[in-house]
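Colleague: Starting off with a structure, shown below.
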Amino acid sequence: MAIFSFTERSIFFRIYSGLLLVCLSVAFFAYLFVDTINQERIQSYRESVATGVFYLIGQGVAKQTTADQKRAWLEGAGKVFGSPFYVSSIEEVGFKARELKRLSEEKSVVRYNAKTHESLVYQSINNEQVLWVKVGRVGERQVRAMTMFLLDDLSYYPTLSAKQERLAFLSKKNGYSVSMELIERVGLDSDQIAKLIKNEPVIFFKDSVNTQEPSISVIIASDVKDSAIVVGPVPIFNYFPLNLVASVVLISLLLISLGVYALIFPLERRLQLLQAGVDRVAKGELDTSVQVVGRDDIARLSSTFNAMTKHIKRLIESQRELTRAVSHELRTPVARIRFAVDMLADEDDYEFRQSQREQIDKDIESLNELIDEILTYAKLEEGSPKMDWEMVNLRELLEQVERETNALGKSITIKINAPSSKVVAMADRRYLHRVVQNLAGNALRYANSTIIISAGVKKGVAFVSVEDDGQGIPKADREKVFIPFARLDDSRTRASGGYGLGLSIVSRIAFWFGGNMSVGESPSLRGAHFKMTWPVKQVGVTVLADKLTQEKSEKKLLSK
């Protein structure tokens with residue numbers, strides 16, 4: 001699961017692995033492409049080379065007038081070539097359409113067996129019969145046989161011009177040069193000339209070191225004085241010619257480019273959508289949100305952007321509400337102070353002036369309290385406040401709030417449902433104390449006789465709750481109590497005190513705790529029931545919790 005999560009979240013890993021997969025796929029495709037092309041090329045090469053030899057053999061058979069002469073000529077040719085020749089009907093062999101077309105053009109057909117590394121070579125004699133032979137590895141014997149078949153074919157052309165015309169025809173037929181040259185122009189040494197005199201062929205081989213395409217040339221003595229017949233150069237099959245390599249490289253680069261584009265395009269598109277969202281927000285469209293796809297960095301960035309736009313919109317709306325509410329809340333104490341100051345100016349009675357001063361002090365204190373509440377709410381609303389996370393003992397916190405609430409001297413019974421002294425939850429103690437104290441003080445104002453304060457941990461979720469036996473809050477008004485400066489028209493009146501910011505502050509603290517604030521009906525007291533829940537362990541501060549656990553373990557070991 002951890003590896004899967006990493007591969008899903010890491011953009012670098014996804015691009016790197018995707019690029020590796022693309023390269024492997026392209027390499028496999030290139031291998032198949034080269035292999036397929038070479039299979040076609042080598043088949044064409046076999047048939048092209050075979051045509052040059054077997055055309056001469058077919059012509060030699062065709063020039064024999066009787067059946068016995070043809071049989072004798074084939075037996076002799078088979079002995080020279082090293083493999084026996086056979087004659088079969090075209091229908092008996094069963095050729096394909098492509099093969100029939102080649103035979104009709106007097107070209108050879110080669111059927112290669114990859115298992116035995118042998119080839120069956122077919123050459124048309126007439127429209128009904130084919131000459132065929134089984135050929136294994138081609139060697140010097142077959143080269144000598146080719147020269148003998150060529151000389152035999154030229155013997156039917158007595159004049160020099162006829163021989164040259166025949167050689168030009170064979171060059172065009174075979175696809176490689178067959179010409180008659182003066183021996184002195186061929187560039188032979190004395191040993192090679194001696195071979196020609198003995199009617200032995202001279203073979204030239206050019207490897208790929210000296211030339212781009214390796215080839216072989218065969219020189220044989222001619223019946224024309226001081227002349228030799230030069231066959232070739234006949235190219236040797238090259239598995240990786242420059243044009244094929246260049247084509248494969250270009251196609252591979254194109255495929256890799258397409259693969260990389262396919263990997264990058266979704267990320268680029270998501271970034272473009274995110275940029276478009278930023279542009280819309282810059283124009284003041286705060287309702288903008290972008291689509292969150294996946295779980296990677298861009299998805300987290302998109303999610304953060306959506307949360308940011310909602311937060312900005314909420315801040316602006318809150319600022320407007322706060323401005324309107326503050327102006328309204330400040331008018332009352334300021335008006336009372338102004339009225340009291342006017343009364344002091346017109347009144348000489350000492351006791352009356354003293355009472356007015358006390359009233360002014362109370363109004364100033366109310367202003368101070370209101371300002372403190374506004375600053376606290378603004379601090380929680382404007383951004384993430386600095387939290388001093390620690391493992392808070394919930395039982396100790398409830399007992400502290402109980403003592404502080406009883407110290408107010410109200411005739412209200414306070415009950416606590418405290419958990420075990422070992423129950424702790426990660427929180428900012430100061431803010432959590434503010435939540436419980438605020439809820440308890442709020443319940444104290446509206447309760448008839450009893451309030452209940454509870455806390456605990458269930459399935460990794462901590463909670464604190466306060467219940468009272470007052471009139472409760474109607475369902476339609478339960479969401480309104482968390483709106484800044486909101487007051488309900490029934491039991492939650494101005495006469496009960498407060499400025500309407502306490503529950504708003506509690507709601508924001510719950511938000512920054514990563515929790516939730518809810519209000520409902522008390523199941524036992526039938527009044528209001530406020531409850532805040534939050535995770536026992538906070539995301540991003542698990543290291544701190546681990547350190548605390550480690551310190552506790554070390555203390556236990558030292559105590560032993």
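Ordering of the structure tokens sets the chain letters (A, B, ...), residue numbers begin anew at 1 in every chain, and ligands are numbered from 1 in the order given.
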Looking only at the backbone, which of the residues in stretch 152-376 of chain A does DSSP tag as helix (DSSP H, G or I), as an NGL selection string?
Modeller: :A and (152-154 or 160-174 or 183-186 or 190-197 or 242-282 or 297-346 or 350-376)
Colleague: List the neighbours of stretch 439-441 of chain A out to 10 Å using only C-alpha atoms; skip same-chain residues closer than 6 positions along the sequence, and give me the result as a PDB file with C-alpha atoms, in the first residue's frame.
Modeller:
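New file result_2.pdb:
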```pdb
ATOM      1  CA  VAL A 401     -13.378  24.379  34.393  1.00  0.00           C
ATOM      2  CA  GLU A 402     -15.668  23.052  37.134  1.00  0.00           C
ATOM      3  CA  GLU A 404     -13.687  28.153  37.756  1.00  0.00           C
ATOM      4  CA  THR A 405     -17.411  27.954  36.979  1.00  0.00           C
ATOM      5  CA  LEU A 408     -18.788  32.500  39.859  1.00  0.00           C
ATOM      6  CA  ILE A 414     -22.478  21.659  37.669  1.00  0.00           C
ATOM      7  CA  HIS A 433      -9.791  25.482  27.825  1.00  0.00           C
ATOM      8  CA  ILE A 451     -25.412  21.807  33.391  1.00  0.00           C
ATOM      9  CA  ILE A 452     -23.347  18.744  32.479  1.00  0.00           C
ATOM     10  CA  ILE A 453     -19.761  18.952  31.185  1.00  0.00           C
ATOM     11  CA  VAL A 464     -15.934  17.778  24.835  1.00  0.00           C
ATOM     12  CA  SER A 465     -19.592  18.639  25.367  1.00  0.00           C
ATOM     13  CA  VAL A 466     -21.760  20.868  27.534  1.00  0.00           C
ATOM     14  CA  GLU A 467     -25.489  20.382  28.179  1.00  0.00           C
ATOM     15  CA  ASP A 468     -28.026  22.510  30.040  1.00  0.00           C
ATOM     16  CA  GLY A 502     -18.274  33.372  21.876  1.00  0.00           C
ATOM     17  CA  LEU A 503     -19.742  30.504  19.852  1.00  0.00           C
ATOM     18  CA  VAL A 506     -15.489  28.184  19.562  1.00  0.00           C
ATOM     19  CA  HIS A 529     -26.256  20.342  23.843  1.00  0.00           C
ATOM     20  CA  PHE A 530     -22.998  21.709  22.368  1.00  0.00           C
ATOM     21  CA  LYS A 531     -20.322  19.219  21.305  1.00  0.00           C
TER      22      LYS A 531
END
```
Colleague: Would you mind listing what lies within 6 Å of A:Ile412 as a PyMOL selection string, with only C-alpha atoms counted and same-chain residues fewer than 2 positions away left out?
Modeller: chain A and resi 410+449-450
Colleague: Please provide as a VMD selection string all residues within 10 Å of A:Phe29, with the sequence filter that same-chain residues fewer than 4 positions apart are discarded (counting only C-alpha atoms).
Modeller: chain A and resid 23 to 25 33 to 35 248 251 to 252 255
Colleague: So how far away is atom CA of A:Asp469 from atom CA of A:Asn448, in Å?
Modeller: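 Separating atom CA of A:Asn448 from atom CA of A:Asp469 is a distance of 5.8 Å.
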Colleague: From a backbone DSSP assignment, name each residue in stretch 11-181 of chain A labelled strand (DSSP E), as a list in words.
Modeller: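 Of stretch 11-181 of chain A, only Phe85, Tyr86, Val87, Ser88, Ser89, Val109, Val110, Arg111, Tyr112, Asn113, Glu118, Ser119, Leu120, Val121, Tyr122, Gln123, Ser124, Gln129, Val130, Leu131, Trp132, Val133, Lys134, Val135, Val178, Ser179, Met180 and Glu181 of chain A fall in strand (DSSP E).
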Colleague: Keeping C-alpha atoms, export the residues of the selection given above as a PDB file, in the first residue's frame.
Modeller:
```pdb
ATOM      1  CA  PHE A  85      18.306 -30.489 -59.946  1.00  0.00           C
ATOM      2  CA  TYR A  86      14.714 -31.631 -60.392  1.00  0.00           C
ATOM      3  CA  VAL A  87      11.879 -30.720 -62.730  1.00  0.00           C
ATOM      4  CA  SER A  88       8.258 -30.560 -61.528  1.00  0.00           C
ATOM      5  CA  SER A  89       4.990 -29.185 -62.805  1.00  0.00           C
ATOM      6  CA  VAL A 109      11.396 -18.091 -56.163  1.00  0.00           C
ATOM      7  CA  VAL A 110      13.133 -18.992 -52.899  1.00  0.00           C
ATOM      8  CA  ARG A 111      11.478 -20.785 -49.976  1.00  0.00           C
ATOM      9  CA  TYR A 112      13.715 -20.631 -46.905  1.00  0.00           C
ATOM     10  CA  ASN A 113      13.407 -23.057 -43.990  1.00  0.00           C
ATOM     11  CA  GLU A 118      18.062 -24.666 -46.304  1.00  0.00           C
ATOM     12  CA  SER A 119      16.344 -23.065 -49.278  1.00  0.00           C
ATOM     13  CA  LEU A 120      14.264 -24.465 -52.085  1.00  0.00           C
ATOM     14  CA  VAL A 121      14.970 -22.470 -55.248  1.00  0.00           C
ATOM     15  CA  TYR A 122      12.508 -22.608 -58.152  1.00  0.00           C
ATOM     16  CA  GLN A 123      13.067 -21.342 -61.700  1.00  0.00           C
ATOM     17  CA  SER A 124      10.568 -21.482 -64.537  1.00  0.00           C
ATOM     18  CA  GLN A 129       7.315 -26.772 -65.508  1.00  0.00           C
ATOM     19  CA  VAL A 130       9.799 -25.444 -62.974  1.00  0.00           C
ATOM     20  CA  LEU A 131      13.365 -26.358 -62.197  1.00  0.00           C
ATOM     21  CA  TRP A 132      14.125 -26.646 -58.507  1.00  0.00           C
ATOM     22  CA  VAL A 133      16.998 -27.528 -56.194  1.00  0.00           C
ATOM     23  CA  LYS A 134      17.628 -27.677 -52.474  1.00  0.00           C
ATOM     24  CA  VAL A 135      20.479 -25.357 -51.467  1.00  0.00           C
ATOM     25  CA  VAL A 178      28.095  -8.325 -65.519  1.00  0.00           C
ATOM     26  CA  SER A 179      30.634  -6.919 -68.007  1.00  0.00           C
ATOM     27  CA  MET A 180      33.607  -7.783 -70.150  1.00  0.00           C
ATOM     28  CA  GLU A 181      36.799  -5.857 -69.384  1.00  0.00           C
TER      29      GLU A 181
END
```
Colleague: Any idea what's packed within 6 Å of stretch 231-240 of chain A, counting only C-alpha atoms, ignoring anything in its chain fewer than 6 positions away? Could you give it as a PyMOL selection string?
Modeller: chain A and resi 176-178+214-218
Colleague: Let me see the file: selected residues, C-alpha atoms, as a PDB file, in the first residue's frame.
Modeller:
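Output (selection-v4.pdb):
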```pdb
ATOM      1  CA  TYR A 176      24.153  -6.242 -60.574  1.00  0.00           C
ATOM      2  CA  SER A 177      26.840  -5.595 -63.180  1.00  0.00           C
ATOM      3  CA  VAL A 178      28.095  -8.325 -65.519  1.00  0.00           C
ATOM      4  CA  PRO A 214      30.400  -4.910 -48.266  1.00  0.00           C
ATOM      5  CA  SER A 215      30.345  -6.695 -51.618  1.00  0.00           C
ATOM      6  CA  ILE A 216      31.877  -9.554 -53.603  1.00  0.00           C
ATOM      7  CA  SER A 217      33.134  -9.571 -57.213  1.00  0.00           C
ATOM      8  CA  VAL A 218      34.031 -12.566 -59.365  1.00  0.00           C
TER       9      VAL A 218
END
```
Colleague: Quick one: residues within 12 Å of A:Arg98, only C-alpha atoms, excluding same-chain residues fewer than 4 positions away - as a list in words?
Modeller: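 Once the nearby chain positions are removed, what remains is Gly94, Arg102, Leu103, Ser104, Glu105, Lys107, Ser108, Val109 and Val110 of chain A.
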Colleague: Which is closest to A:Phe463 among A:Gln39, A:Thr309, A:Asn516, A:Asn438, if we use only C-alpha atoms?
Modeller: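 Comparing A:Gln39, A:Thr309, A:Asn516, A:Asn438 against A:Phe463, the winner is A:Asn516.
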Colleague: Which residue is closest to A:Lys79? Choose from A:Ala299, A:Gly460, A:Arg141, A:Asp361 and count only C-alpha atoms.
Modeller: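 For A:Lys79, the nearest of the candidates is A:Arg141.
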